[in-house]
Amino acid sequence: MKTGPPPLHPGARRTPGDRGGPPLPGTATPPDETQPPDETPAPDETPAPGETPAPGETPAPGETPAPGETPAPGETPAPGGSAAGRAAEAEPARRPAAAPADGEDRVTDAALRPKDLDGFIGQERVREQLDLVLRAARRRGAAADHVLLAGAPGLGKTTLAMIIAAEMEAPLRVTSGPAIQHPGDLAAVLASLTGGEVLFLDEIHRMSRPAEEMLYLAMEDFRVDIVGGTGLDATALSLDLPPFTLVGATVRSGLLLPPLRDRFGFTAHMEFYDPAELERVVHRSARLLEVQIDPAGAAEIAGRSRGTPRIANRLLRRVRDYAQVTADGVVTRRIAAAALRVYEVDGRGLDRLDRAVLHALLKLFDGGPVGLSTLAVAVGEERETVAEVAEPFLVREGLLARTPRGRIATPAAWAHFGLAPPPEPPRTAPPGPHRNGAPGPDARPDESAPGGSRPGGDRSRP
């Protein structure tokens with residue numbers, strides 16, 4: 001018995017996609033009529049895949065949108081030409097999106113970084129020592145010794161790493177300790193280094209211990225031992241590295257293991273800046289930013305920058321914005337003070353978090369002592385935030401002290417807020433004996449009397 005598609009109706013014509021059965025009403029193609037490939041579907045037909053007209057939009061006759069392109073809602077394509085061509089023509093008329101604020105700050109920070117040691121302000125002792133190390137390496141024609149930069153954030157560790165690469169005329173590779181958590185990550189970075197290249201490892205104290213131990217051999221012998229496989233299938237591969245310079249930056253040099261710390265040929269301890277050095281930083285940054293500032297305005301910003309150039313540059317940008325909006329763009333002492341008052345930075349550089357910590361310590365706990373966790377709950381911040389962000393500056397300024405019993409406010413903190421410290425409770429002296437040698441009225445019953453006899457202990461007498 002033969003099987004196949006059923007016969008067609010008289011006058012019907014089978015289409016290539018027909019698999020049998022009579023065509024549905026309204027779908028049969030009349031004889032000797034085919035649809036051109038670029039013909040626009042009729043209004044009652046379904047658009048082809050990838051051509052979804054916007055709601056309420058009807059394509060113009062003879063026009064087919066490009067594949068995967070959807071006209072904007074409410075837009076009616078003009079007759080003639082493709083939608084892609086019209087979009088290209090209309091592209092220059094669109095308004096460009098504004099750059100993110102943090103992206104602008106990063107670009108500005110990069111522009112304010114000095115490019116050589118002569119343009120680096122402050123850290124005179126570090127600059128002198130580092131200049132000798134780099135000049136000697138250039139005369140020998142060899143890579144410079146490994147350098148460890150230790151200090152608080154914002155003092156110029158990253159800038160010095162870039163200056164080292166520029167002075168040695170070598171490429172710079174930048175990575176960080178948190179990004180290297182496995183020895184294989186470090187091996188991949190080291191294997192791609194070229195001769196004389198400078199590897200900057202930021203936050204080196206946060207690198208994993210196995211990777212840190214692999215770094216010992218790479219720094220000393222310029223070799224990396226890689227073990228692949230497990231058990232009997234394990235194989236060891238020794239990879240020779242070209243001479244390179246490792247520049248490590250850390251805010252906690254004490255967290256580095258002594259074997260790693262001792263392998264650095266030069267260790268630089270970055271110090272906080274004094275106000276005179278910060279004034280020079282502010283004047284230099286203002287010149288690069290094309291900001292008009294007088295010496296009094298620069299001194300006002302420098303005095304509130306907490307001894308950190310990064311903070312000085314940030315405050316300068318905010319004062320510049322205030323001067324451009326509310327004044328004629330010239331930064332004076334009055335304009336700088338008014339702008340920093342808006343951004344909640346007082347005359348000593350205390351910000352909102354610093355004042356909240358001191359206010360809670362003074363008003364809620366009468367100056368302490370109070371535990372760190374309790375103090376953090378009182379200001380609504382995390383314990384680590386108070387310990388790592390607020391406390392270092394408050395301790396350095398002599399406004400807060402750490403004691404075994406907790407945090408206490410110093411007299412300078414009370415004076416900064418114009419408050420009087422609470423009176424100290426009277427100290428009670430230990431009870432002393434009476435004039436006749438008998439124990440005092442507050443003596444314990446088992447306390448021995450002078451002479452070695454216990455009161456009431458000798459019962460031989462009446």
# chains A, B, ... in the order shown; residues from 1 in each chain; ligands from 1
>>> select_by_dssp(residues="segment 86-273 of chain A", states="strand (DSSP E or B)", output="MDAnalysis selection string")
chainID A and resid 147:150 172:176 198:202 223:228 235:240 245:250 266:269
>>> write_last_selection(atoms="N, CA, C and O atoms", output="compact mmCIF listing (two decimals), in the first residue's frame")
# COMPACT_ATOMS: atom_id res chain seq x y z
N VAL A 147 62.43 46.70 45.71
CA VAL A 147 62.11 47.84 46.56
C VAL A 147 60.80 47.56 47.29
O VAL A 147 59.82 47.12 46.67
N LEU A 148 60.78 47.81 48.59
CA LEU A 148 59.57 47.71 49.40
C LEU A 148 59.19 49.10 49.88
O LEU A 148 59.99 49.77 50.54
N LEU A 149 57.97 49.53 49.55
CA LEU A 149 57.45 50.84 49.96
C LEU A 149 56.39 50.62 51.03
O LEU A 149 55.36 49.99 50.78
N ALA A 150 56.65 51.11 52.22
CA ALA A 150 55.75 50.92 53.36
C ALA A 150 55.27 52.27 53.85
O ALA A 150 56.07 53.21 53.99
N LEU A 172 56.32 48.71 32.93
CA LEU A 172 55.75 48.52 34.27
C LEU A 172 54.60 47.55 34.19
O LEU A 172 53.68 47.72 33.38
N ARG A 173 54.63 46.52 35.03
CA ARG A 173 53.52 45.57 35.16
C ARG A 173 52.89 45.78 36.53
O ARG A 173 53.58 45.74 37.55
N VAL A 174 51.59 45.98 36.58
CA VAL A 174 50.89 46.30 37.82
C VAL A 174 49.94 45.17 38.17
O VAL A 174 49.15 44.73 37.33
N THR A 175 50.01 44.70 39.39
CA THR A 175 49.06 43.72 39.93
C THR A 175 48.94 43.98 41.43
O THR A 175 49.51 44.93 41.95
N SER A 176 48.20 43.13 42.13
CA SER A 176 47.96 43.35 43.56
C SER A 176 47.97 42.02 44.28
O SER A 176 47.79 40.95 43.68
N VAL A 198 59.69 46.10 35.48
CA VAL A 198 59.35 46.43 36.86
C VAL A 198 57.97 45.86 37.15
O VAL A 198 56.99 46.19 36.47
N LEU A 199 57.90 45.01 38.16
CA LEU A 199 56.63 44.41 38.59
C LEU A 199 56.19 45.11 39.87
O LEU A 199 56.87 45.01 40.91
N PHE A 200 55.07 45.82 39.81
CA PHE A 200 54.54 46.52 40.98
C PHE A 200 53.44 45.66 41.60
O PHE A 200 52.42 45.39 40.98
N LEU A 201 53.68 45.23 42.83
CA LEU A 201 52.74 44.37 43.55
C LEU A 201 52.16 45.17 44.71
O LEU A 201 52.78 45.30 45.76
N ASP A 202 50.98 45.72 44.50
CA ASP A 202 50.32 46.53 45.52
C ASP A 202 49.68 45.62 46.57
O ASP A 202 49.24 44.51 46.26
N ARG A 223 64.17 32.29 39.50
CA ARG A 223 63.75 30.97 39.07
C ARG A 223 62.44 30.62 39.77
O ARG A 223 62.21 31.04 40.91
N VAL A 224 61.61 29.87 39.08
CA VAL A 224 60.35 29.42 39.64
C VAL A 224 60.24 27.91 39.43
O VAL A 224 60.47 27.42 38.31
N ASP A 225 59.91 27.19 40.49
CA ASP A 225 59.71 25.75 40.42
C ASP A 225 58.21 25.48 40.42
O ASP A 225 57.49 25.86 41.36
N ILE A 226 57.74 24.83 39.36
CA ILE A 226 56.33 24.53 39.19
C ILE A 226 56.14 23.03 39.25
O ILE A 226 56.86 22.28 38.58
N VAL A 227 55.21 22.58 40.08
CA VAL A 227 54.90 21.16 40.22
C VAL A 227 53.54 20.91 39.60
O VAL A 227 52.55 21.56 39.98
N GLY A 228 53.49 19.99 38.63
CA GLY A 228 52.24 19.65 37.97
C GLY A 228 51.84 18.23 38.27
O GLY A 228 52.68 17.33 38.39
N THR A 235 55.07 16.02 38.30
CA THR A 235 56.32 16.38 37.63
C THR A 235 56.72 17.78 38.06
O THR A 235 55.87 18.65 38.28
N ALA A 236 58.02 17.99 38.20
CA ALA A 236 58.56 19.30 38.60
C ALA A 236 59.21 19.96 37.40
O ALA A 236 59.96 19.32 36.65
N LEU A 237 58.93 21.24 37.24
CA LEU A 237 59.46 22.01 36.14
C LEU A 237 60.11 23.27 36.69
O LEU A 237 59.48 24.01 37.45
N SER A 238 61.36 23.48 36.36
CA SER A 238 62.08 24.67 36.79
C SER A 238 62.12 25.66 35.64
O SER A 238 62.59 25.34 34.55
N LEU A 239 61.65 26.87 35.90
CA LEU A 239 61.55 27.90 34.88
C LEU A 239 62.48 29.05 35.25
O LEU A 239 62.34 29.65 36.33
N ASP A 240 63.43 29.35 34.38
CA ASP A 240 64.34 30.47 34.59
C ASP A 240 63.66 31.77 34.17
O ASP A 240 62.99 31.84 33.15
N THR A 245 62.72 43.75 38.47
CA THR A 245 62.66 44.51 39.72
C THR A 245 61.26 44.42 40.29
O THR A 245 60.29 44.79 39.63
N LEU A 246 61.17 43.92 41.51
CA LEU A 246 59.89 43.84 42.20
C LEU A 246 59.75 45.05 43.12
O LEU A 246 60.62 45.30 43.95
N VAL A 247 58.65 45.77 42.97
CA VAL A 247 58.32 46.90 43.85
C VAL A 247 57.05 46.52 44.61
O VAL A 247 55.98 46.39 44.01
N GLY A 248 57.20 46.29 45.89
CA GLY A 248 56.05 45.93 46.73
C GLY A 248 55.60 47.12 47.56
O GLY A 248 56.42 47.89 48.07
N ALA A 249 54.29 47.27 47.67
CA ALA A 249 53.71 48.35 48.48
C ALA A 249 52.81 47.74 49.54
O ALA A 249 52.04 46.81 49.25
N THR A 250 52.91 48.24 50.74
CA THR A 250 52.11 47.71 51.83
C THR A 250 51.85 48.80 52.86
O THR A 250 52.66 49.72 53.02
N PHE A 266 66.00 47.33 49.18
CA PHE A 266 65.79 48.68 49.71
C PHE A 266 64.37 48.79 50.23
O PHE A 266 63.42 48.42 49.54
N THR A 267 64.24 49.26 51.46
CA THR A 267 62.93 49.44 52.08
C THR A 267 62.76 50.92 52.40
O THR A 267 63.60 51.52 53.10
N ALA A 268 61.69 51.50 51.89
CA ALA A 268 61.39 52.92 52.10
C ALA A 268 60.19 53.05 53.02
O ALA A 268 59.14 52.47 52.74
N HIS A 269 60.36 53.78 54.08
CA HIS A 269 59.27 54.05 55.03
C HIS A 269 58.73 55.45 54.74
O HIS A 269 59.41 56.46 54.98
>>> select_by_dssp(residues="segment 289-446 of chain A", states="helix (DSSP H, G or I)", output="ChimeraX atom specification")
/A:289,295-303,309-326,333-342,352-364,372-379,383-396,411-416
>>> residues_around(residues="segment 126-132 of chain A", least_positions_apart="3", cutoff="7 Å", atoms="only C-alpha atoms", output="list in words")
Leu117, Gln123, Arg135, Ala136 and Ala268 of chain A
>>> atom_distance(atom1="atom CA of Arg352 of chain A", atom2="atom CA of Leu340 of chain A")
11.8 Å
>>> atom_distance(atom1="atom CA of Asn313 of chain A", atom2="atom CA of Asp118 of chain A")
19.1 Å
>>> residues_around(residues="Ala286 of chain A", least_positions_apart="5", cutoff="9 Å", atoms="only C-alpha atoms", output="list in words")
Val281, Val291, Gln292, Ile293, Asn313, Leu316, Arg317 and Arg320 of chain A
>>> residues_around(residues="segment 177-182 of chain A", least_positions_apart="6", cutoff="7 Å", atoms="only C-alpha atoms", output="list in words")
Leu201, Asp202, Glu203, Ile204, His205, Arg206, Met207, Ser208, Pro210 and Ala211 of chain A
>>> write_last_selection(atoms="N, CA and C atoms", output="PDB file, in the first residue's frame")
ATOM      1  N   LEU A 201      53.676  45.229  42.827  1.00  0.00           N
ATOM      2  CA  LEU A 201      52.742  44.368  43.548  1.00  0.00           C
ATOM      3  C   LEU A 201      52.161  45.167  44.705  1.00  0.00           C
ATOM      4  N   ASP A 202      50.979  45.722  44.500  1.00  0.00           N
ATOM      5  CA  ASP A 202      50.324  46.534  45.522  1.00  0.00           C
ATOM      6  C   ASP A 202      49.682  45.622  46.570  1.00  0.00           C
ATOM      7  N   GLU A 203      49.616  46.111  47.802  1.00  0.00           N
ATOM      8  CA  GLU A 203      49.068  45.341  48.922  1.00  0.00           C
ATOM      9  C   GLU A 203      49.696  43.952  48.965  1.00  0.00           C
ATOM     10  N   ILE A 204      51.010  43.925  48.986  1.00  0.00           N
ATOM     11  CA  ILE A 204      51.726  42.658  48.937  1.00  0.00           C
ATOM     12  C   ILE A 204      51.468  41.819  50.187  1.00  0.00           C
ATOM     13  N   HIS A 205      51.080  42.449  51.285  1.00  0.00           N
ATOM     14  CA  HIS A 205      50.819  41.691  52.511  1.00  0.00           C
ATOM     15  C   HIS A 205      49.567  40.838  52.422  1.00  0.00           C
ATOM     16  N   ARG A 206      48.706  41.064  51.421  1.00  0.00           N
ATOM     17  CA  ARG A 206      47.481  40.285  51.268  1.00  0.00           C
ATOM     18  C   ARG A 206      47.645  39.119  50.297  1.00  0.00           C
ATOM     19  N   MET A 207      48.851  38.845  49.864  1.00  0.00           N
ATOM     20  CA  MET A 207      49.110  37.702  49.001  1.00  0.00           C
ATOM     21  C   MET A 207      49.078  36.420  49.831  1.00  0.00           C
ATOM     22  N   SER A 208      48.656  35.318  49.217  1.00  0.00           N
ATOM     23  CA  SER A 208      48.548  34.058  49.939  1.00  0.00           C
ATOM     24  C   SER A 208      49.935  33.548  50.315  1.00  0.00           C
ATOM     25  N   PRO A 210      51.291  30.402  50.176  1.00  0.00           N
ATOM     26  CA  PRO A 210      51.998  29.590  49.170  1.00  0.00           C
ATOM     27  C   PRO A 210      52.602  30.430  48.050  1.00  0.00           C
ATOM     28  N   ALA A 211      51.872  31.445  47.577  1.00  0.00           N
ATOM     29  CA  ALA A 211      52.429  32.310  46.542  1.00  0.00           C
ATOM     30  C   ALA A 211      53.579  33.139  47.083  1.00  0.00           C
TER      31      ALA A 211
END
>>> atom_distance(atom1="atom CA of Phe365 of chain A", atom2="atom CA of Arg341 of chain A")
27.2 Å
>>> closest_residue(among="A:Glu388, A:Ala327, A:His416, A:Gly368", to="Arg348 of chain A", atoms="only C-alpha atoms")
A:His416
>>> residues_around(residues="Val389 of chain A", least_positions_apart="2", cutoff="12 Å", atoms="only C-alpha atoms", output="list of chain:residue names")
A:Ala152, A:Pro153, A:Leu350, A:Asp351, A:Arg352, A:Leu353, A:Asp354, A:Val357, A:Ala376, A:Glu381, A:Glu382, A:Arg383, A:Glu384, A:Thr385, A:Val386, A:Ala387, A:Glu391, A:Pro392, A:Phe393, A:Leu394, A:Val395
